[in-house]
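Student: So that you have it, the file is entry11.pdb, and it contains PDB, C-alpha atoms, pLDDT in the B column:
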ATOM      1  CA  MET A   1      13.754  18.939  38.963  1.00 45.00           C
ATOM      2  CA  GLY A   2      15.201  20.153  35.738  1.00 56.00           C
ATOM      3  CA  VAL A   3      15.445  18.889  32.221  1.00 88.00           C
ATOM      4  CA  ARG A   4      19.020  20.134  32.641  1.00 94.00           C
ATOM      5  CA  ASN A   5      20.711  20.187  36.033  1.00 96.00           C
ATOM      6  CA  TYR A   6      23.801  22.086  37.162  1.00 97.00           C
ATOM      7  CA  LEU A   7      25.953  21.964  40.269  1.00 98.00           C
ATOM      8  CA  VAL A   8      27.321  25.224  41.705  1.00 98.00           C
ATOM      9  CA  GLU A   9      30.247  24.408  44.028  1.00 97.00           C
ATOM     10  CA  GLY A  10      33.181  26.131  45.706  1.00 96.00           C
ATOM     11  CA  VAL A  11      34.777  26.421  49.127  1.00 94.00           C
ATOM     12  CA  SER A  12      32.886  28.138  51.939  1.00 94.00           C
ATOM     13  CA  GLY A  13      32.775  31.883  51.387  1.00 95.00           C
ATOM     14  CA  THR A  14      32.776  31.865  47.590  1.00 97.00           C
ATOM     15  CA  GLY A  15      29.093  32.811  47.342  1.00 97.00           C
ATOM     16  CA  LYS A  16      27.113  29.623  46.702  1.00 97.00           C
ATOM     17  CA  THR A  17      24.171  30.689  48.890  1.00 96.00           C
ATOM     18  CA  SER A  18      24.108  34.183  47.395  1.00 97.00           C
ATOM     19  CA  VAL A  19      24.179  32.743  43.864  1.00 98.00           C
ATOM     20  CA  CYS A  20      21.325  30.389  44.788  1.00 98.00           C
ATOM     21  CA  LYS A  21      19.195  33.269  46.073  1.00 98.00           C
ATOM     22  CA  GLU A  22      19.944  35.409  43.024  1.00 98.00           C
ATOM     23  CA  LEU A  23      19.055  32.584  40.631  1.00 98.00           C
ATOM     24  CA  GLN A  24      15.750  32.156  42.501  1.00 98.00           C
ATOM     25  CA  ARG A  25      15.126  35.906  42.429  1.00 98.00           C
ATOM     26  CA  ARG A  26      15.558  35.830  38.650  1.00 97.00           C
ATOM     27  CA  GLY A  27      12.970  33.063  38.334  1.00 96.00           C
ATOM     28  CA  HIS A  28      15.250  30.063  37.971  1.00 95.00           C
ATOM     29  CA  HIS A  29      14.761  26.915  39.979  1.00 95.00           C
ATOM     30  CA  ALA A  30      17.645  26.627  42.448  1.00 97.00           C
ATOM     31  CA  VAL A  31      18.093  24.200  45.339  1.00 97.00           C
ATOM     32  CA  ASN A  32      20.206  25.225  48.324  1.00 97.00           C
ATOM     33  CA  GLY A  33      21.814  21.849  48.890  1.00 96.00           C
ATOM     34  CA  ASP A  34      23.422  22.914  52.156  1.00 93.00           C
ATOM     35  CA  ARG A  35      19.989  23.595  53.614  1.00 94.00           C
ATOM     36  CA  GLU A  36      17.723  21.187  51.704  1.00 96.00           C
ATOM     37  CA  LEU A  37      19.858  18.096  51.071  1.00 97.00           C
ATOM     38  CA  ALA A  38      22.653  18.085  53.653  1.00 95.00           C
ATOM     39  CA  TYR A  39      23.161  16.061  56.791  1.00 95.00           C
ATOM     40  CA  GLN A  40      26.091  14.748  58.806  1.00 94.00           C
ATOM     41  CA  GLY A  41      27.165  11.373  57.464  1.00 95.00           C
ATOM     42  CA  ASP A  42      30.012   9.182  56.326  1.00 93.00           C
ATOM     43  CA  PRO A  43      30.966  10.330  52.796  1.00 91.00           C
ATOM     44  CA  GLU A  44      31.647   6.754  51.663  1.00 91.00           C
ATOM     45  CA  THR A  45      28.709   4.865  53.164  1.00 92.00           C
ATOM     46  CA  GLY A  46      26.150   7.627  53.689  1.00 92.00           C
ATOM     47  CA  GLU A  47      25.504   6.369  57.218  1.00 93.00           C
ATOM     48  CA  PRO A  48      24.527   9.221  59.567  1.00 93.00           C
ATOM     49  CA  VAL A  49      27.103  10.254  62.186  1.00 93.00           C
ATOM     50  CA  ASP A  50      26.729  12.185  65.420  1.00 90.00           C
ATOM     51  CA  GLY A  51      28.152  15.638  65.898  1.00 78.00           C
ATOM     52  CA  PHE A  52      29.221  18.179  63.337  1.00 76.00           C
ATOM     53  CA  GLY A  53      32.264  18.140  61.131  1.00 81.00           C
ATOM     54  CA  HIS A  54      33.081  19.582  57.745  1.00 87.00           C
ATOM     55  CA  GLU A  55      34.259  16.178  56.522  1.00 89.00           C
ATOM     56  CA  HIS A  56      30.809  14.743  57.282  1.00 92.00           C
ATOM     57  CA  HIS A  57      28.761  17.431  55.501  1.00 94.00           C
ATOM     58  CA  ILE A  58      27.163  15.312  52.761  1.00 95.00           C
ATOM     59  CA  TRP A  59      24.030  15.334  50.628  1.00 97.00           C
ATOM     60  CA  ARG A  60      21.371  12.609  50.531  1.00 96.00           C
ATOM     61  CA  ILE A  61      22.180  10.886  47.241  1.00 96.00           C
ATOM     62  CA  GLU A  62      18.682   9.403  46.873  1.00 96.00           C
ATOM     63  CA  ASP A  63      17.193  12.911  47.119  1.00 96.00           C
ATOM     64  CA  VAL A  64      19.650  14.321  44.575  1.00 96.00           C
ATOM     65  CA  ARG A  65      18.799  11.466  42.168  1.00 96.00           C
ATOM     66  CA  ALA A  66      15.051  11.977  42.684  1.00 95.00           C
ATOM     67  CA  LEU A  67      15.285  15.733  42.043  1.00 94.00           C
ATOM     68  CA  VAL A  68      17.436  15.276  38.945  1.00 94.00           C
ATOM     69  CA  ALA A  69      15.001  12.675  37.565  1.00 93.00           C
ATOM     70  CA  ARG A  70      12.100  15.113  37.577  1.00 90.00           C
ATOM     71  CA  ASP A  71      11.541  17.167  34.460  1.00 88.00           C
ATOM     72  CA  ASP A  72       9.076  19.837  35.574  1.00 92.00           C
ATOM     73  CA  GLU A  73      11.661  22.652  35.265  1.00 92.00           C
ATOM     74  CA  PRO A  74      13.791  23.544  32.246  1.00 92.00           C
ATOM     75  CA  LEU A  75      16.839  24.088  34.504  1.00 93.00           C
ATOM     76  CA  THR A  76      17.704  23.337  38.083  1.00 95.00           C
ATOM     77  CA  PHE A  77      20.771  24.632  39.876  1.00 97.00           C
ATOM     78  CA  PHE A  78      22.025  22.696  42.909  1.00 98.00           C
ATOM     79  CA  CYS A  79      24.069  25.146  44.991  1.00 98.00           C
ATOM     80  CA  GLY A  80      26.286  24.127  47.866  1.00 97.00           C
ATOM     81  CA  GLY A  81      29.155  21.995  49.014  1.00 94.00           C
ATOM     82  CA  SER A  82      29.140  18.307  49.735  1.00 95.00           C
ATOM     83  CA  ARG A  83      31.899  15.908  50.734  1.00 94.00           C
ATOM     84  CA  ASN A  84      30.223  13.146  48.728  1.00 95.00           C
ATOM     85  CA  PHE A  85      29.784  15.045  45.444  1.00 96.00           C
ATOM     86  CA  SER A  86      31.795  12.356  43.665  1.00 94.00           C
ATOM     87  CA  LYS A  87      28.883   9.965  44.264  1.00 95.00           C
ATOM     88  CA  PHE A  88      26.451  12.074  42.181  1.00 96.00           C
ATOM     89  CA  ILE A  89      28.425  14.582  40.084  1.00 96.00           C
ATOM     90  CA  ASP A  90      27.844  12.448  36.974  1.00 96.00           C
ATOM     91  CA  LEU A  91      24.111  13.266  37.210  1.00 96.00           C
ATOM     92  CA  PHE A  92      24.697  16.915  36.282  1.00 96.00           C
ATOM     93  CA  ASP A  93      24.818  18.447  32.836  1.00 95.00           C
ATOM     94  CA  GLY A  94      27.491  20.845  34.039  1.00 95.00           C
ATOM     95  CA  VAL A  95      29.431  22.031  37.052  1.00 97.00           C
ATOM     96  CA  PHE A  96      30.310  25.591  37.992  1.00 98.00           C
ATOM     97  CA  VAL A  97      33.074  26.194  40.520  1.00 97.00           C
ATOM     98  CA  LEU A  98      32.974  29.571  42.256  1.00 98.00           C
ATOM     99  CA  ASP A  99      36.459  30.930  42.888  1.00 97.00           C
ATOM    100  CA  VAL A 100      37.781  33.943  44.803  1.00 98.00           C
ATOM    101  CA  ASP A 101      41.217  35.148  45.806  1.00 97.00           C
ATOM    102  CA  LEU A 102      42.400  34.677  49.398  1.00 97.00           C
ATOM    103  CA  GLU A 103      41.908  38.344  50.330  1.00 97.00           C
ATOM    104  CA  THR A 104      38.264  38.273  49.206  1.00 97.00           C
ATOM    105  CA  LEU A 105      37.706  34.982  51.003  1.00 97.00           C
ATOM    106  CA  ARG A 106      39.128  36.377  54.245  1.00 96.00           C
ATOM    107  CA  ARG A 107      37.022  39.533  53.976  1.00 96.00           C
ATOM    108  CA  ARG A 108      33.861  37.474  53.482  1.00 96.00           C
ATOM    109  CA  LEU A 109      34.676  35.174  56.390  1.00 95.00           C
ATOM    110  CA  ASP A 110      35.378  38.228  58.595  1.00 94.00           C
ATOM    111  CA  ALA A 111      31.743  39.232  58.065  1.00 93.00           C
ATOM    112  CA  ARG A 112      30.386  35.872  59.272  1.00 92.00           C
ATOM    113  CA  PRO A 113      28.981  35.550  62.769  1.00 93.00           C
ATOM    114  CA  THR A 114      30.769  33.086  65.058  1.00 91.00           C
ATOM    115  CA  GLU A 115      27.831  30.661  65.044  1.00 90.00           C
ATOM    116  CA  GLU A 116      27.872  30.366  61.246  1.00 89.00           C
ATOM    117  CA  TRP A 117      30.247  27.890  59.566  1.00 86.00           C
ATOM    118  CA  GLY A 118      33.529  29.692  58.922  1.00 90.00           C
ATOM    119  CA  GLY A 119      33.074  32.130  61.771  1.00 90.00           C
ATOM    120  CA  ARG A 120      35.462  30.367  64.175  1.00 92.00           C
ATOM    121  CA  PRO A 121      39.280  30.417  63.867  1.00 93.00           C
ATOM    122  CA  ALA A 122      39.651  26.633  63.369  1.00 92.00           C
ATOM    123  CA  GLU A 123      36.969  26.647  60.644  1.00 93.00           C
ATOM    124  CA  ARG A 124      38.600  29.613  58.928  1.00 94.00           C
ATOM    125  CA  ALA A 125      41.958  27.837  58.940  1.00 95.00           C
ATOM    126  CA  LEU A 126      40.359  24.774  57.337  1.00 94.00           C
ATOM    127  CA  ILE A 127      38.580  26.889  54.709  1.00 95.00           C
ATOM    128  CA  GLU A 128      41.829  28.681  53.838  1.00 96.00           C
ATOM    129  CA  ARG A 129      43.642  25.323  53.514  1.00 95.00           C
ATOM    130  CA  LEU A 130      40.864  23.978  51.266  1.00 95.00           C
ATOM    131  CA  HIS A 131      41.016  27.168  49.202  1.00 96.00           C
ATOM    132  CA  ARG A 132      44.744  26.687  48.749  1.00 96.00           C
ATOM    133  CA  THR A 133      44.680  22.942  48.007  1.00 95.00           C
ATOM    134  CA  ARG A 134      41.318  22.817  46.168  1.00 92.00           C
ATOM    135  CA  GLU A 135      41.014  19.270  47.543  1.00 89.00           C
ATOM    136  CA  ASP A 136      37.387  19.609  48.528  1.00 87.00           C
ATOM    137  CA  ILE A 137      35.816  20.830  45.294  1.00 91.00           C
ATOM    138  CA  PRO A 138      35.276  19.265  41.871  1.00 94.00           C
ATOM    139  CA  SER A 139      38.456  19.311  39.807  1.00 90.00           C
ATOM    140  CA  SER A 140      36.519  19.821  36.599  1.00 88.00           C
ATOM    141  CA  GLY A 141      33.891  22.355  35.765  1.00 92.00           C
ATOM    142  CA  VAL A 142      33.594  25.899  34.557  1.00 96.00           C
ATOM    143  CA  LEU A 143      35.581  28.214  36.815  1.00 96.00           C
ATOM    144  CA  ILE A 144      33.563  31.310  37.735  1.00 98.00           C
ATOM    145  CA  ASP A 145      35.246  34.447  39.074  1.00 98.00           C
ATOM    146  CA  ALA A 146      33.113  35.042  42.150  1.00 98.00           C
ATOM    147  CA  THR A 147      34.960  38.230  43.122  1.00 98.00           C
ATOM    148  CA  ALA A 148      32.769  40.094  40.639  1.00 97.00           C
ATOM    149  CA  PRO A 149      29.464  41.632  41.746  1.00 98.00           C
ATOM    150  CA  LEU A 150      26.777  38.993  42.355  1.00 98.00           C
ATOM    151  CA  SER A 151      24.753  39.973  39.293  1.00 98.00           C
ATOM    152  CA  SER A 152      27.839  39.504  37.090  1.00 98.00           C
ATOM    153  CA  VAL A 153      28.630  36.141  38.687  1.00 98.00           C
ATOM    154  CA  VAL A 154      25.112  34.881  37.944  1.00 98.00           C
ATOM    155  CA  ASP A 155      25.210  36.383  34.438  1.00 97.00           C
ATOM    156  CA  ASP A 156      28.436  34.471  33.836  1.00 97.00           C
ATOM    157  CA  ILE A 157      26.840  31.198  34.957  1.00 97.00           C
ATOM    158  CA  LEU A 158      23.754  31.814  32.831  1.00 97.00           C
ATOM    159  CA  ARG A 159      25.883  32.512  29.750  1.00 95.00           C
ATOM    160  CA  HIS A 160      26.751  28.816  29.849  1.00 94.00           C
ATOM    161  CA  VAL A 161      23.092  27.743  29.791  1.00 91.00           C
ATOM    162  CA  THR A 162      20.456  28.819  27.312  1.00 65.00           C
ATOM    163  CA  VAL A 163      17.017  28.006  28.745  1.00 49.00           C
ATOM    164  CA  SER A 164      14.874  30.929  29.895  1.00 47.00           C
ATOM    165  CA  PRO A 165      13.587  31.159  33.488  1.00 51.00           C
ATOM    166  CA  ARG A 166       9.996  30.280  34.368  1.00 49.00           C
ATOM    167  CA  THR A 167       7.458  32.988  33.728  1.00 43.00           C
TER     168      THR A 167
END
What is this structure when it is put down as structure tokens?
Tutor:
Amino acid sequence: MGVRNYLVEGVSGTGKTSVCKELQRRGHHAVNGDRELAYQGDPETGEPVDGFGHEHHIWRIEDVRALVARDDEPLTFFCGGSRNFSKFIDLFDGVFVLDVDLETLRRRLDARPTEEWGGRPAERALIERLHRTREDIPSSGVLIDATAPLSSVVDDILRHVTVSPRT
């Protein structure tokens, strides 16, 4: 979608969806990968699997490649988490990793309804473990302090890119 493409990652509760919406509100092209690209599949093979599990939350690689190949936008931000990001991370011009402290993460998860991912005790425990170990997010990228107000978080991301939004 973009001449330049960026991935916005982080554990659940760091603000990826909010950042996506704010980028869109400001006129930037942003894809909510968790809603537009995700499905339940094997992270290695891509084969669909039944049921729901965090470890099977992956993005359709062919769709990511197709969107990145387009050049009708100056910038595209792909926001969300994927267990198969290692299969397509090399397609991006940059990666931003949203980061919060444990207290902020817990407060945000407390506000989630039970039916939303992270709203159940077992999911919360997994998210807290992933926050601690950082095993489920890209190890490289620009670390963004996502405890700041949303507008500041997005400003920080945009400081690293220089193309203006669509008009």
Student: Pick the closest to His131 in chain A from A:Gln24, A:Asn5, A:Thr104, A:Gln40: which is it, counting all atoms listed in the file?
Tutor: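 That would be A:Thr104, the residue with the smallest distance to His131 in chain A.
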Student: For the PyMOL selection byres ((chain A and resi 6) around 8), applied here, can you spell out every residue it catches as an NGL selection string?
Tutor: :A and (4-5 or 7-8 or 75-78 or 92-96)
Student: Report as number ranges by chain all protein, DNA and RNA residues lying within 7 Å of Leu98 in chain A, evaluated on all atoms listed in the file, omitting residues in the same chain fewer than 4 positions from it.
Tutor: A: 9-10, 14, 143-146
Student: For Arg25 in chain A, which residue among A:Tyr39, A:Ile157, A:Asp101, A:Ser151 is the nearest when counting all atoms listed in the file?
Tutor: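 Looking only at the distances to Arg25 in chain A, the closest residue turns out to be A:Ser151.
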Student: What's the 10 Å shell around Asp42 in chain A, counting only C-alpha atoms, without same-chain residues fewer than 5 positions away, as a PyMOL selection string?
Tutor: chain A and resi 47-49+55-58+83-84
Student: For Leu150 in chain A, which residue out of A:Pro138, A:Gly80, A:Gly118, A:Gly15 is the nearest one, using all atoms listed in the file?
Tutor: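 Nearest to Leu150 in chain A: A:Gly15.
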Student: If I take CA of Pro121 in chain A and CA of Trp59 in chain A, how far is one from the other in Å, to one decimal?
Tutor: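 So the answer is 25.2 Å.
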Student: Select, from A:Val19, A:Ile127, A:Ala122, A:Ala30, the residue with the minimum atom-to-atom distance to Glu73 in chain A, counting only C-alpha atoms.
Tutor: A:Ala30
Student: Could you work out an axis-aligned box for range 116-131 of chain A, taking every atom the file lists and adding 6 Å on each side, and report centre and edge lengths in Å to one decimal, as lines of an AutoDock Vina configuration file?
Tutor:
center_x = 35.8
center_y = 28.1
center_z = 56.7
size_x = 27.8
size_y = 20.2
size_z = 27.0
Student: Could you jot down the CA of Arg65 in chain A to CA of Val142 in chain A separation for me, Å, one decimal place?
Tutor: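 One can read the CA of Arg65 in chain A to CA of Val142 in chain A distance as 22.0 Å.
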